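Some notes on the structure that comes next.
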Amino acid sequence: MSALLLRDIRLATRAGGSAMLALAFFAAVATLVPLGVGADLKLLARIAAGVLWVAAVLASLLALDRLFQADFEDGSLDLIALAPQSLETTAFAKTAAHWLTTGLPLTVLSPLLAVLFGLPEEATLALFVSLLIGTPAVSAIGAVGAGLTLSIRRGGLILPLIVLPLLAPAVIFGAGAVLEVLDGLSNGALLLLTAFSFFACVLSPFATAAALRLNLGS
Amino acid sequence: MLRYANPTRFMQLSGTLLPWLGGASIALLAAGLYLGFTAPPDYQQGDTVRVMFIHVPAAWTAMMGYGLMAVASLVGLVWRHPLADVAAKSAAPLGAVFTALGLITGSLWGRPMWGAWWVWDGRLTSFLLLLFLYLGYIALWNAIEDETRAARAAAILALVGAVNLPIIEFSVDWWTTLHQGESILRSGGPLISTVYLWPLFAMALGYTFLFFTLWMIRIRTEILSRRVRSLMLTGEA
């Protein structure tokens with residue numbers, strides 16, 4: 001499992017890998033928003049959490065497309081599936097690699113963008129924590145979609161349609177955790193987000209493995 | 001129930017049931033509409049209260065549709081039965097249409113009542129997400145060429161969606177209470193009186209029967225078209 005994890009991380013971070021691309025996409029989307037809504041820092045601080053959360057989800061989706069696809073096309077997924085570890089473990093390892101190369105870097109970058117949006121410090125911390133907790137759920141649920149759309153030639157087009165509605169809770173609780181700090185009220189968003197994330201991370205590998213199994217025809 | 005899972009037996013049974021189901025839905029819808037239009041106008045909402053009779057049952061039916069689709073998917077996934085796959089596939093477009101109908105009539109009702117075509121109310125939003133779930137399911141099914149593979153992939157998606165739906169519902173409700181100050185315009189309307197309850201009942205039953213009628217027709221069509229296809233493949237036709 002750790003071998004697979006390391007292999008995927010290496011593939012994603014080397015030249016042409018998806019990690020940098022997702023990060024650049026995240027920053028580019030976040031830059032476009034102020035150009036669209038105006039430079040009013042008060043307004044930007046208010047919408048920062050929502051914008052950065054949506055941008056993070058979209059950036060993760062961008063890299064999901066290739067999560068299993070490249071290995072499926074060149075046949076290495078068949079070989080990985082033949083290995084003694086279960087397909088669930090494989091799914092979990094690849095999902096974890098996806099998170100380590102997209103979700104985690106996005107989270108690390110987010111405070112910098114939050115500064116550009118004029119988000120107060122405590123709220124920036126809340127955003128960082130909420131992304132840290134919530135992005136694994138994005139990777140986990142996204143992996144189910146990536147597995148399901150594996151054999152479709154232009155699967156990347158269908159993937160967002162089936163994954164985005166399922167990610168609504170993550171965006172709601174994630175952005176809610178920041179608004180909680182901004183408004184100085186306590187709504188338990190972070191706890192709900194943690195629950196959702198655990199739930200998604202624990203159950204998704206099984207659905208992903210089922211999807212892989214049917215696409216590998218075994 | 002498995003006795004009727006045989007396509008031939010299903011075709012016989014549904015052939016006999018279909019006219020009755022269709023008749024029942026027409027009668028119930030007619031009765032519901034008549035009762036709905038003869039009911040006195042509401043003291044607050046006036047005549048617009050009648051939108052309720054076509055709106056609320058559509059929403060109920062849309063949710064029922066997802067439930068039936070998920071159950072059929074589970075049966076198809078566990079017992080690998082093609083008829084269950086066909087049933088799940090046929091339920092999706094119907095559910096999507098009922099969801100869209102619920103959204104459209106809700107929007108038409110919201111305009112005079114809330115003064116806006118759309119408000120980010122909890123139910124509206126979760127129904128919009130439900131519509132996207134349906135559309136994703138249909139798109140996934142259409143994108144995969146191999147039928148058994150498409151059925152299994154779509155079934156997994158339907159089940160993941162079914163597990164997620166309550167969470168989505170909860171999160172959206174939670175979200176609207178967070179935003180309460182700006183968007184909730186609904187006054188706590190009066191409790192529904194029996195004058196409105198009866199037409200609502202009739203319409204709800206009528207919609208349910210209509211769903212089953214259309215569902216059965218779609219399943220029959222699918223079975224027949226598969227038979228035609230296999231006949232053409234074997235060159236017997």
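Residues are named by chain letter and number: chains run A, B, ... in the order of the structure tokens, numbers start at 1 in each chain, and ligands are numbered from 1 in the order shown.
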
Using only C-alpha atoms, which residues sit within 10 Å of stretch 75-91 of chain A once same-chain residues fewer than 4 positions away are excluded, as an MDAnalysis selection string? chainID A and resid 1:2 4:5 67:71 95:97 140 143:144 147 204:213 216:218

With C-alpha atoms retained, export the selected residues as a short mmCIF file (atom, residue, chain, number, x, y, z; two decimals), in the first residue's frame.
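So selection28.cif came out as:
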```
data_model
loop_
_atom_site.label_atom_id
_atom_site.label_comp_id
_atom_site.auth_asym_id
_atom_site.auth_seq_id
_atom_site.Cartn_x
_atom_site.Cartn_y
_atom_site.Cartn_z
CA MET A 1 0.00 0.00 0.00
CA SER A 2 2.77 2.43 0.88
CA LEU A 4 1.48 2.41 -4.35
CA LEU A 5 1.04 5.59 -2.35
CA LEU A 67 -6.75 9.24 -10.76
CA PHE A 68 -7.37 5.81 -12.25
CA GLN A 69 -7.61 6.63 -15.94
CA ALA A 70 -3.90 6.68 -16.84
CA ASP A 71 -3.28 3.39 -15.03
CA THR A 95 -7.33 8.35 -2.85
CA ALA A 96 -4.84 9.21 -0.14
CA ALA A 97 -2.21 9.97 -2.77
CA ALA A 140 -12.83 10.26 -1.28
CA ALA A 143 -12.63 8.83 -6.25
CA VAL A 144 -16.00 7.05 -6.42
CA GLY A 147 -13.97 4.89 -10.62
CA SER A 204 -15.92 5.63 -0.19
CA PRO A 205 -13.11 3.10 -0.72
CA PHE A 206 -15.73 0.34 -0.79
CA ALA A 207 -17.81 2.09 -3.44
CA THR A 208 -14.66 3.00 -5.37
CA ALA A 209 -13.44 -0.59 -5.26
CA ALA A 210 -16.83 -1.83 -6.47
CA ALA A 211 -16.64 0.63 -9.36
CA LEU A 212 -13.09 -0.45 -10.23
CA ARG A 213 -14.06 -4.09 -10.05
CA LEU A 216 -11.82 -4.29 -14.70
CA GLY A 217 -14.37 -6.94 -15.51
CA SER A 218 -13.48 -9.24 -12.65
#
```

Residues of chain B near chain A: apply a cut-off of 8 Å, count only C-alpha atoms, and supply the list as a PDB file with N, CA and C atoms, in the first residue's frame.
```pdb
ATOM      1  N   LEU B 129     -30.571  19.957  -6.015  1.00  0.00           N
ATOM      2  CA  LEU B 129     -29.483  18.975  -5.943  1.00  0.00           C
ATOM      3  C   LEU B 129     -29.993  17.585  -6.331  1.00  0.00           C
ATOM      4  N   LEU B 130     -31.237  17.287  -5.921  1.00  0.00           N
ATOM      5  CA  LEU B 130     -31.833  16.002  -6.299  1.00  0.00           C
ATOM      6  C   LEU B 130     -31.920  15.888  -7.816  1.00  0.00           C
ATOM      7  N   PHE B 132     -29.965  17.297  -9.964  1.00  0.00           N
ATOM      8  CA  PHE B 132     -28.622  17.041 -10.484  1.00  0.00           C
ATOM      9  C   PHE B 132     -28.225  15.585 -10.271  1.00  0.00           C
ATOM     10  N   LEU B 133     -28.633  15.010  -9.138  1.00  0.00           N
ATOM     11  CA  LEU B 133     -28.324  13.595  -8.897  1.00  0.00           C
ATOM     12  C   LEU B 133     -28.975  12.727  -9.971  1.00  0.00           C
ATOM     13  N   LEU B 135     -29.866  13.697 -12.987  1.00  0.00           N
ATOM     14  CA  LEU B 135     -29.240  13.957 -14.284  1.00  0.00           C
ATOM     15  C   LEU B 135     -27.890  13.241 -14.393  1.00  0.00           C
ATOM     16  N   GLY B 136     -27.120  13.249 -13.283  1.00  0.00           N
ATOM     17  CA  GLY B 136     -25.844  12.546 -13.287  1.00  0.00           C
ATOM     18  C   GLY B 136     -26.040  11.054 -13.510  1.00  0.00           C
ATOM     19  N   TYR B 137     -27.062  10.501 -12.848  1.00  0.00           N
ATOM     20  CA  TYR B 137     -27.368   9.085 -13.000  1.00  0.00           C
ATOM     21  C   TYR B 137     -27.686   8.753 -14.452  1.00  0.00           C
ATOM     22  N   ALA B 139     -26.927  10.520 -17.117  1.00  0.00           N
ATOM     23  CA  ALA B 139     -25.762  10.750 -17.975  1.00  0.00           C
ATOM     24  C   ALA B 139     -24.792   9.583 -17.881  1.00  0.00           C
ATOM     25  N   LEU B 140     -24.584   9.088 -16.648  1.00  0.00           N
ATOM     26  CA  LEU B 140     -23.657   7.966 -16.477  1.00  0.00           C
ATOM     27  C   LEU B 140     -24.167   6.747 -17.239  1.00  0.00           C
ATOM     28  N   ALA B 143     -23.621   7.111 -20.916  1.00  0.00           N
ATOM     29  CA  ALA B 143     -22.241   7.237 -21.393  1.00  0.00           C
ATOM     30  C   ALA B 143     -21.553   5.888 -21.535  1.00  0.00           C
ATOM     31  N   ILE B 144     -21.996   4.902 -20.762  1.00  0.00           N
ATOM     32  CA  ILE B 144     -21.340   3.593 -20.822  1.00  0.00           C
ATOM     33  C   ILE B 144     -22.094   2.711 -21.821  1.00  0.00           C
ATOM     34  N   ARG B 149     -22.570  -3.359 -17.634  1.00  0.00           N
ATOM     35  CA  ARG B 149     -21.605  -2.515 -16.951  1.00  0.00           C
ATOM     36  C   ARG B 149     -22.254  -1.181 -16.570  1.00  0.00           C
ATOM     37  N   ARG B 152     -24.516  -1.630 -13.594  1.00  0.00           N
ATOM     38  CA  ARG B 152     -23.845  -1.753 -12.287  1.00  0.00           C
ATOM     39  C   ARG B 152     -23.236  -0.436 -11.844  1.00  0.00           C
ATOM     40  N   ALA B 153     -22.642   0.284 -12.788  1.00  0.00           N
ATOM     41  CA  ALA B 153     -22.069   1.585 -12.421  1.00  0.00           C
ATOM     42  C   ALA B 153     -23.162   2.527 -11.932  1.00  0.00           C
ATOM     43  N   ILE B 156     -24.361   1.615  -8.454  1.00  0.00           N
ATOM     44  CA  ILE B 156     -23.461   2.083  -7.386  1.00  0.00           C
ATOM     45  C   ILE B 156     -23.699   3.564  -7.126  1.00  0.00           C
ATOM     46  N   LEU B 157     -23.821   4.318  -8.224  1.00  0.00           N
ATOM     47  CA  LEU B 157     -24.050   5.756  -8.062  1.00  0.00           C
ATOM     48  C   LEU B 157     -25.374   6.031  -7.345  1.00  0.00           C
ATOM     49  N   VAL B 160     -24.853   5.292  -3.647  1.00  0.00           N
ATOM     50  CA  VAL B 160     -24.050   6.336  -3.005  1.00  0.00           C
ATOM     51  C   VAL B 160     -24.915   7.584  -2.813  1.00  0.00           C
ATOM     52  N   GLY B 161     -25.701   7.905  -3.844  1.00  0.00           N
ATOM     53  CA  GLY B 161     -26.602   9.051  -3.746  1.00  0.00           C
ATOM     54  C   GLY B 161     -27.646   8.866  -2.665  1.00  0.00           C
ATOM     55  N   ASN B 164     -26.190   9.468   0.589  1.00  0.00           N
ATOM     56  CA  ASN B 164     -25.819  10.866   0.751  1.00  0.00           C
ATOM     57  C   ASN B 164     -27.014  11.808   0.857  1.00  0.00           C
ATOM     58  N   ILE B 167     -27.945  13.320   4.159  1.00  0.00           N
ATOM     59  CA  ILE B 167     -26.909  14.249   4.617  1.00  0.00           C
ATOM     60  C   ILE B 167     -27.027  15.574   3.861  1.00  0.00           C
ATOM     61  N   ILE B 168     -27.242  15.479   2.553  1.00  0.00           N
ATOM     62  CA  ILE B 168     -27.387  16.699   1.754  1.00  0.00           C
ATOM     63  C   ILE B 168     -28.583  17.500   2.268  1.00  0.00           C
ATOM     64  N   SER B 171     -27.696  19.088   5.535  1.00  0.00           N
ATOM     65  CA  SER B 171     -26.748  20.194   5.422  1.00  0.00           C
ATOM     66  C   SER B 171     -27.411  21.427   4.831  1.00  0.00           C
ATOM     67  N   VAL B 172     -28.292  21.203   3.845  1.00  0.00           N
ATOM     68  CA  VAL B 172     -28.952  22.345   3.218  1.00  0.00           C
ATOM     69  C   VAL B 172     -29.912  23.027   4.196  1.00  0.00           C
ATOM     70  N   TRP B 175     -27.878  24.962   6.492  1.00  0.00           N
ATOM     71  CA  TRP B 175     -27.351  26.133   5.805  1.00  0.00           C
ATOM     72  C   TRP B 175     -28.396  27.250   5.747  1.00  0.00           C
TER      73      TRP B 175
END
```

Quote the spacing between atom CA of B:Thr208 and atom CA of B:Ala87 in Å to one decimal place. 15.9 Å

Write out as a PyMOL selection string the residues lying within 9 Å of B:Gly102, counting only C-alpha atoms and excluding same-chain residues fewer than 2 positions away. chain B and resi 54-60+62+97-100+104-107+127

List every residue of stretch 10-114 of chain A that DSSP, applied to the backbone of this structure, assigns to alpha helix (DSSP H), and report them as a VMD selection string. chain A and resid 10 to 13 18 to 37 41 to 64 69 to 73 76 to 82 87 to 98 104 to 114

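Note that the spacing between atom CA of A:Gly36 and atom CA of A:Leu119 amounts to 18.1 Å.
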
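You will find atom CA of B:Arg50 at 22.1 Å from atom CA of B:Gly122.
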
All residues 12 Å or closer to A:Leu112, only C-alpha atoms, same chain fewer than 3 positions away omitted, as a list of chain:residue names: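 The filter keeps A:Phe26, A:Ala27, A:Ala30, A:Thr31, A:Ala48, A:Leu52, A:Pro105, A:Leu106, A:Thr107, A:Val108, A:Leu109, A:Val115, A:Leu116, A:Phe117, A:Gly118, A:Leu119, A:Pro120, A:Glu121, A:Thr124, A:Leu125, A:Leu127, A:Phe128.
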
Shortest interatomic distance to B:Trp174 - which of A:Gly103, A:Gly134, A:Pro111, A:Gly188, counting only C-alpha atoms: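 Smallest distance to B:Trp174 is found for A:Gly188.
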
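Proximity to A:Ile133 was assessed for A:Ala195, A:Ala22, A:Leu185, A:Val54 counting only C-alpha atoms; the smallest distance is recorded for A:Ala195.
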
Nearest to B:Trp109: which of B:Ser73, B:Gln45, B:Thr234, B:Thr221 is it, counting only C-alpha atoms?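 Selected residue with least distance to B:Trp109: B:Gln45.
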
Using only C-alpha atoms, which residue out of B:Leu33, B:Leu83, B:Ala91, B:Val49 lies closest to B:Leu214? B:Ala91
